[in-house]
$ cat final_15.cif   # mmCIF, C-alpha atoms
data_structure
loop_
_atom_site.label_atom_id
_atom_site.label_comp_id
_atom_site.auth_asym_id
_atom_site.auth_seq_id
_atom_site.Cartn_x
_atom_site.Cartn_y
_atom_site.Cartn_z
CA MET A 37 90.74 -15.09 -158.48
CA GLY A 38 87.32 -16.71 -158.84
CA LYS A 39 86.15 -20.29 -158.96
CA LEU A 40 86.43 -22.34 -162.14
CA PHE A 41 84.86 -25.65 -163.21
CA TRP A 42 85.41 -27.42 -166.50
CA SER A 43 84.36 -30.67 -168.11
CA VAL A 44 84.58 -31.70 -171.76
CA SER A 45 81.73 -33.38 -173.64
CA LEU A 46 83.40 -36.83 -173.62
CA SER A 47 83.75 -36.61 -169.82
CA ARG A 48 80.09 -35.74 -169.46
CA ALA A 49 79.13 -38.66 -171.73
CA ASP A 50 81.33 -41.00 -169.68
CA TYR A 51 79.61 -39.79 -166.51
CA ARG A 52 76.22 -40.88 -167.86
CA TYR A 53 77.51 -44.46 -168.02
CA PHE A 54 80.15 -44.63 -165.29
CA GLY A 55 79.12 -41.95 -162.79
CA ASP A 56 77.44 -44.13 -160.17
CA VAL A 57 80.55 -44.00 -157.97
CA ILE A 58 82.81 -40.95 -158.05
CA SER A 59 85.89 -39.86 -156.23
CA PHE A 60 85.81 -36.24 -155.11
CA ASP A 61 89.32 -35.18 -154.19
CA SER A 62 91.13 -31.92 -153.62
CA THR A 63 94.83 -31.21 -153.86
CA TYR A 64 95.92 -28.08 -152.12
CA ARG A 65 98.66 -25.64 -153.07
CA THR A 66 100.38 -28.06 -155.43
CA ASN A 67 99.72 -26.10 -158.61
CA ALA A 68 101.16 -22.85 -159.96
CA TYR A 69 98.18 -20.88 -158.61
CA ARG A 70 98.55 -22.36 -155.10
CA ARG A 71 94.80 -22.99 -155.00
CA PRO A 72 92.76 -26.14 -154.35
CA LEU A 73 92.31 -28.27 -157.47
CA VAL A 74 89.29 -30.57 -157.32
CA ILE A 75 89.09 -33.64 -159.51
CA PHE A 76 85.98 -35.74 -160.12
CA VAL A 77 86.83 -39.24 -161.34
CA GLY A 78 85.27 -42.67 -161.68
CA VAL A 79 86.12 -46.05 -163.19
CA ASN A 80 84.91 -47.21 -166.60
CA HIS A 81 84.00 -50.71 -167.86
CA HIS A 82 87.69 -51.42 -168.65
CA ASN A 83 88.62 -50.65 -165.01
CA ARG A 84 90.35 -47.46 -166.15
CA THR A 85 90.10 -44.03 -164.57
CA SER A 86 87.54 -41.78 -166.19
CA VAL A 87 87.87 -38.06 -165.47
CA PHE A 88 84.50 -36.31 -165.26
CA GLY A 89 85.55 -32.78 -164.39
CA PHE A 90 87.92 -30.41 -162.61
CA GLY A 91 87.59 -27.34 -160.48
CA LEU A 92 90.05 -24.67 -159.46
CA LEU A 93 88.84 -23.10 -156.22
CA VAL A 94 89.68 -20.11 -154.06
CA ASP A 95 89.46 -22.05 -150.76
CA GLU A 96 88.17 -25.22 -149.14
CA THR A 97 85.10 -23.86 -147.38
CA MET A 98 81.62 -25.34 -147.16
CA GLU A 99 80.32 -22.65 -149.51
CA THR A 100 83.00 -23.32 -152.14
CA TYR A 101 82.61 -27.11 -151.98
CA SER A 102 78.83 -26.71 -152.21
CA TRP A 103 79.32 -24.48 -155.28
CA ILE A 104 81.61 -27.00 -157.04
CA LEU A 105 79.27 -29.91 -156.30
CA THR A 106 76.21 -27.96 -157.49
CA THR A 107 78.07 -26.86 -160.63
CA PHE A 108 79.23 -30.43 -161.24
CA LEU A 109 75.64 -31.70 -161.00
CA MET A 110 74.43 -29.00 -163.39
CA ALA A 111 77.10 -30.02 -165.92
CA MET A 112 76.07 -33.67 -165.50
CA GLN A 113 72.41 -32.87 -166.19
CA GLY A 114 71.39 -33.34 -162.56
CA LYS A 115 72.47 -36.98 -162.25
CA CYS A 116 73.65 -37.61 -158.68
CA PRO A 117 76.15 -40.37 -158.05
CA VAL A 118 75.07 -43.31 -155.91
CA SER A 119 78.29 -43.08 -153.87
CA VAL A 120 80.96 -40.42 -153.35
CA VAL A 121 84.42 -41.44 -152.15
CA THR A 122 86.57 -38.84 -150.35
CA ASP A 123 89.54 -38.61 -148.02
CA GLY A 124 87.15 -37.94 -145.12
CA ASP A 125 87.46 -34.15 -145.08
CA LYS A 126 84.70 -32.85 -142.79
CA THR A 127 83.89 -29.87 -144.98
CA MET A 128 83.56 -32.08 -148.07
CA ARG A 129 81.34 -34.46 -146.13
CA LYS A 130 78.99 -31.62 -145.10
CA ALA A 131 78.83 -30.27 -148.66
CA ILE A 132 78.04 -33.72 -150.07
CA LYS A 133 75.27 -34.17 -147.50
CA LEU A 134 73.81 -30.77 -148.43
CA VAL A 135 74.09 -30.93 -152.24
CA MET A 136 73.82 -34.69 -152.82
CA PRO A 137 71.67 -35.90 -149.91
CA GLY A 138 70.77 -39.17 -151.66
CA SER A 139 74.39 -40.12 -152.29
CA ILE A 140 76.29 -42.39 -149.94
CA HIS A 141 79.60 -41.02 -148.64
CA ARG A 142 82.49 -43.47 -148.27
CA LEU A 143 86.09 -43.07 -147.17
CA CYS A 144 88.93 -43.73 -149.61
CA SER A 145 90.79 -46.96 -148.81
CA TRP A 146 94.17 -45.44 -149.73
CA HIS A 147 93.67 -42.61 -147.22
CA LEU A 148 92.46 -45.07 -144.58
CA GLU A 149 95.58 -47.22 -144.99
CA ARG A 150 97.83 -44.16 -144.86
CA ASN A 151 96.11 -42.92 -141.70
CA VAL A 152 96.47 -46.35 -140.07
CA GLN A 153 100.19 -46.42 -140.82
CA THR A 154 100.62 -42.83 -139.60
CA ASN A 155 98.64 -43.29 -136.39
CA ILE A 156 99.62 -46.84 -135.44
CA GLY A 157 102.94 -47.27 -137.27
CA ASP A 158 102.84 -51.08 -137.33
CA SER A 159 103.03 -52.56 -140.85
CA GLY A 160 101.61 -55.86 -139.54
CA PHE A 161 98.53 -54.07 -138.24
CA THR A 162 98.25 -52.13 -141.50
CA ARG A 163 98.22 -55.43 -143.45
CA ALA A 164 95.62 -56.91 -141.08
CA PHE A 165 93.53 -53.72 -141.34
CA THR A 166 93.71 -53.83 -145.15
CA ASN A 167 92.67 -57.49 -145.09
CA CYS A 168 89.63 -56.63 -142.95
CA MET A 169 88.78 -53.75 -145.27
CA PHE A 170 88.95 -55.74 -148.53
CA THR A 171 87.66 -59.17 -147.48
CA TYR A 172 83.97 -59.71 -148.08
CA MET A 173 82.30 -60.39 -144.72
CA THR A 174 78.99 -59.88 -143.06
CA GLU A 175 78.90 -57.21 -140.38
CA ALA A 176 79.03 -59.86 -137.65
CA GLU A 177 81.99 -61.61 -139.32
CA PHE A 178 83.77 -58.28 -139.66
CA ASP A 179 83.28 -57.47 -135.97
CA ILE A 180 84.72 -60.85 -134.95
CA GLN A 181 87.73 -60.46 -137.26
CA TRP A 182 88.26 -56.81 -136.27
CA PHE A 183 88.37 -57.57 -132.55
CA LYS A 184 90.73 -60.52 -133.15
CA VAL A 185 93.09 -58.13 -134.97
CA LEU A 186 92.85 -55.59 -132.15
CA GLN A 187 93.64 -58.28 -129.58
CA THR A 188 96.58 -59.59 -131.63
CA PHE A 189 98.13 -56.13 -131.89
CA LYS A 190 97.10 -55.07 -128.36
CA LEU A 191 95.05 -52.13 -129.63
CA ILE A 192 91.74 -52.76 -127.85
CA ASP A 193 92.14 -49.58 -125.78
CA ASN A 194 93.78 -47.42 -128.46
CA GLU A 195 91.75 -44.19 -128.66
CA TRP A 196 92.51 -43.54 -132.34
CA VAL A 197 91.37 -47.07 -133.30
CA LYS A 198 88.19 -46.69 -131.24
CA LYS A 199 87.43 -43.39 -132.96
CA LEU A 200 88.06 -44.91 -136.41
CA TYR A 201 85.74 -47.83 -135.69
CA SER A 202 82.90 -45.62 -134.49
CA LYS A 203 83.33 -42.90 -137.14
CA PRO A 204 80.13 -42.21 -139.11
CA LEU A 205 80.62 -42.53 -142.86
CA GLY A 206 77.90 -40.23 -144.11
#

$ encode --input "final_15.cif" --output "structure tokens"
Amino acid sequence: MGKLFWSVSLSRADYRYFGDVISFDSTYRTNAYRRPLVIFVGVNHHNRTSVFGFGLLVDETMETYSWILTTFLMAMQGKCPVSVVTDGDKTMRKAIKLVMPGSIHRLCSWHLERNVQTNIGDSGFTRAFTNCMFTYMTEAEFDIQWFKVLQTFKLIDNEWVKKLYSKPLG
């Protein structure tokens, strides 16, 4: 089975207007073909999901992700998004850096919250984390609030939290 990408003309037109920020996500082995399905989506001016394209892949390697991103850009007449949101997959991150070097990579807030709950398991900390993530603050204000939260939940020395805080986004 080979690789497949498809996008309809309305999706490509939507991308011209709403493609500054895209989500690049892959579901794995949840379809009849048991292959990764990649979905490229954004948000339109009515705050509704706009689907830009899909890909059915053979695997989740750097080469395959680079192919799907290159093919996506060709279909979208070379327009790179300003930002790409992912679940933090390392292979995706490398492919984005290679194919879309001018785009900013960001982590998906839903995945971040899920990872916090999985790794820390305290719903109070998850709420405080979410508040830090979604409240507009300067970097200095964020650092103050973040360390207050860590002190409150006694997580100053938690290795997973330290790693999350220092994790590069791009």

$ residues_near_point --input "final_15.cif" --point "(91.4, -43.6, -145.7)" --cutoff "12 Å" --atoms "all atoms listed in the file" --output "list in words"
Val121, Thr122, Asp123, Gly124, Asp125, Arg142, Leu143, Cys144, Ser145, Trp146, His147, Leu148, Glu149, Arg150, Asn151, Val152, Gln153, Thr154, Asn155, Thr162, Phe165, Thr166, Met169, Leu200, Lys203 and Leu205 of chain A

$ closest_residue --input "final_15.cif" --among "A:Asn83, A:Thr174, A:Asn194, A:Gln181" --to "A:Ile156" --atoms "only C-alpha atoms"
A:Asn194

$ closest_residue --input "final_15.cif" --among "A:Cys116, A:Met128, A:Ala49, A:Ala111" --to "A:Val74" --atoms "all atoms listed in the file"
A:Met128

$ atom_distance --input "final_15.cif" --atom1 "atom CA of A:Asp56" --atom2 "atom CA of A:Lys115"
9.0 Å

$ resolve_selection --input "final_15.cif" --expression "the PyMOL selection byres ((chain A and resi 104) around 9)" --output "tab-separated table (two decimals) with C-alpha atoms, in the coordinates of the input"
chain	number	residue	atom	x	y	z
A	39	LYS	CA	86.15	-20.29	-158.96
A	40	LEU	CA	86.43	-22.34	-162.14
A	41	PHE	CA	84.86	-25.65	-163.21
A	74	VAL	CA	89.29	-30.57	-157.32
A	91	GLY	CA	87.59	-27.34	-160.48
A	93	LEU	CA	88.84	-23.10	-156.22
A	99	GLU	CA	80.32	-22.65	-149.51
A	100	THR	CA	83.00	-23.32	-152.14
A	101	TYR	CA	82.61	-27.11	-151.98
A	102	SER	CA	78.83	-26.71	-152.21
A	103	TRP	CA	79.32	-24.48	-155.28
A	105	LEU	CA	79.27	-29.91	-156.30
A	106	THR	CA	76.21	-27.96	-157.49
A	107	THR	CA	78.07	-26.86	-160.63
A	108	PHE	CA	79.23	-30.43	-161.24
A	109	LEU	CA	75.64	-31.70	-161.00

$ resolve_selection --input "final_15.cif" --expression "the PyMOL selection byres ((chain A and resi 54) around 9)" --output "ChimeraX atom specification"
/A:49-53,55-58,78-81,86

$ residues_near_point --input "final_15.cif" --point "(82.6, -27.4, -141.3)" --cutoff "8 Å" --atoms "only C-alpha atoms" --output "list in words"
Thr97, Met98, Lys126, Thr127 and Lys130 of chain A

$ atom_distance --input "final_15.cif" --atom1 "atom CA of A:Asp158" --atom2 "atom CA of A:Val197"
12.8 Å

$ atom_distance --input "final_15.cif" --atom1 "atom CA of A:Lys199" --atom2 "atom CA of A:Phe161"
16.3 Å

$ build_atoms --input "final_15.cif" --residues "stretch 147-173 of chain A" --atoms "N, CA and C atoms" --output "tab-separated table (two decimals), keeping the file's coordinate frame"
chain	number	residue	atom	x	y	z
A	147	HIS	N	93.52	-43.54	-148.34
A	147	HIS	CA	93.67	-42.61	-147.22
A	147	HIS	C	93.53	-43.35	-145.88
A	148	LEU	N	92.62	-44.30	-145.81
A	148	LEU	CA	92.46	-45.07	-144.58
A	148	LEU	C	93.75	-45.82	-144.23
A	149	GLU	N	94.33	-46.49	-145.23
A	149	GLU	CA	95.58	-47.22	-144.99
A	149	GLU	C	96.70	-46.28	-144.55
A	150	ARG	N	96.80	-45.14	-145.22
A	150	ARG	CA	97.83	-44.16	-144.86
A	150	ARG	C	97.64	-43.65	-143.43
A	151	ASN	N	96.40	-43.39	-143.06
A	151	ASN	CA	96.11	-42.92	-141.70
A	151	ASN	C	96.42	-44.00	-140.66
A	152	VAL	N	96.15	-45.26	-140.99
A	152	VAL	CA	96.47	-46.35	-140.07
A	152	VAL	C	97.98	-46.41	-139.87
A	153	GLN	N	98.73	-46.35	-140.95
A	153	GLN	CA	100.19	-46.42	-140.82
A	153	GLN	C	100.74	-45.22	-140.05
A	154	THR	N	100.18	-44.03	-140.30
A	154	THR	CA	100.62	-42.83	-139.60
A	154	THR	C	100.30	-42.88	-138.11
A	155	ASN	N	99.08	-43.32	-137.78
A	155	ASN	CA	98.64	-43.29	-136.39
A	155	ASN	C	99.07	-44.49	-135.55
A	156	ILE	N	99.24	-45.64	-136.18
A	156	ILE	CA	99.62	-46.84	-135.44
A	156	ILE	C	101.09	-47.19	-135.70
A	157	GLY	N	101.53	-47.07	-136.94
A	157	GLY	CA	102.94	-47.27	-137.27
A	157	GLY	C	103.40	-48.71	-137.26
A	158	ASP	N	102.49	-49.66	-137.33
A	158	ASP	CA	102.84	-51.08	-137.33
A	158	ASP	C	102.41	-51.66	-138.67
A	159	SER	N	103.37	-52.06	-139.50
A	159	SER	CA	103.03	-52.56	-140.85
A	159	SER	C	102.22	-53.86	-140.77
A	160	GLY	N	102.42	-54.65	-139.72
A	160	GLY	CA	101.61	-55.86	-139.54
A	160	GLY	C	100.15	-55.51	-139.31
A	161	PHE	N	99.91	-54.51	-138.47
A	161	PHE	CA	98.53	-54.07	-138.24
A	161	PHE	C	97.94	-53.47	-139.52
A	162	THR	N	98.75	-52.71	-140.25
A	162	THR	CA	98.25	-52.13	-141.50
A	162	THR	C	97.82	-53.23	-142.47
A	163	ARG	N	98.60	-54.31	-142.58
A	163	ARG	CA	98.22	-55.43	-143.45
A	163	ARG	C	96.93	-56.09	-142.95
A	164	ALA	N	96.82	-56.29	-141.64
A	164	ALA	CA	95.62	-56.91	-141.08
A	164	ALA	C	94.40	-56.00	-141.29
A	165	PHE	N	94.61	-54.71	-141.11
A	165	PHE	CA	93.53	-53.72	-141.34
A	165	PHE	C	93.07	-53.78	-142.79
A	166	THR	N	94.03	-53.78	-143.71
A	166	THR	CA	93.71	-53.83	-145.15
A	166	THR	C	92.95	-55.12	-145.47
A	167	ASN	N	93.37	-56.22	-144.88
A	167	ASN	CA	92.67	-57.49	-145.09
A	167	ASN	C	91.22	-57.40	-144.61
A	168	CYS	N	91.01	-56.82	-143.45
A	168	CYS	CA	89.63	-56.63	-142.95
A	168	CYS	C	88.82	-55.75	-143.90
A	169	MET	N	89.47	-54.72	-144.42
A	169	MET	CA	88.78	-53.75	-145.27
A	169	MET	C	88.37	-54.37	-146.61
A	170	PHE	N	89.20	-55.24	-147.18
A	170	PHE	CA	88.95	-55.74	-148.53
A	170	PHE	C	88.35	-57.15	-148.60
A	171	THR	N	88.25	-57.83	-147.47
A	171	THR	CA	87.66	-59.17	-147.48
A	171	THR	C	86.15	-59.06	-147.32
A	172	TYR	N	85.42	-59.74	-148.18
A	172	TYR	CA	83.97	-59.71	-148.08
A	172	TYR	C	83.54	-60.47	-146.83
A	173	MET	N	82.81	-59.79	-145.96
A	173	MET	CA	82.30	-60.39	-144.72
A	173	MET	C	80.97	-59.75	-144.39
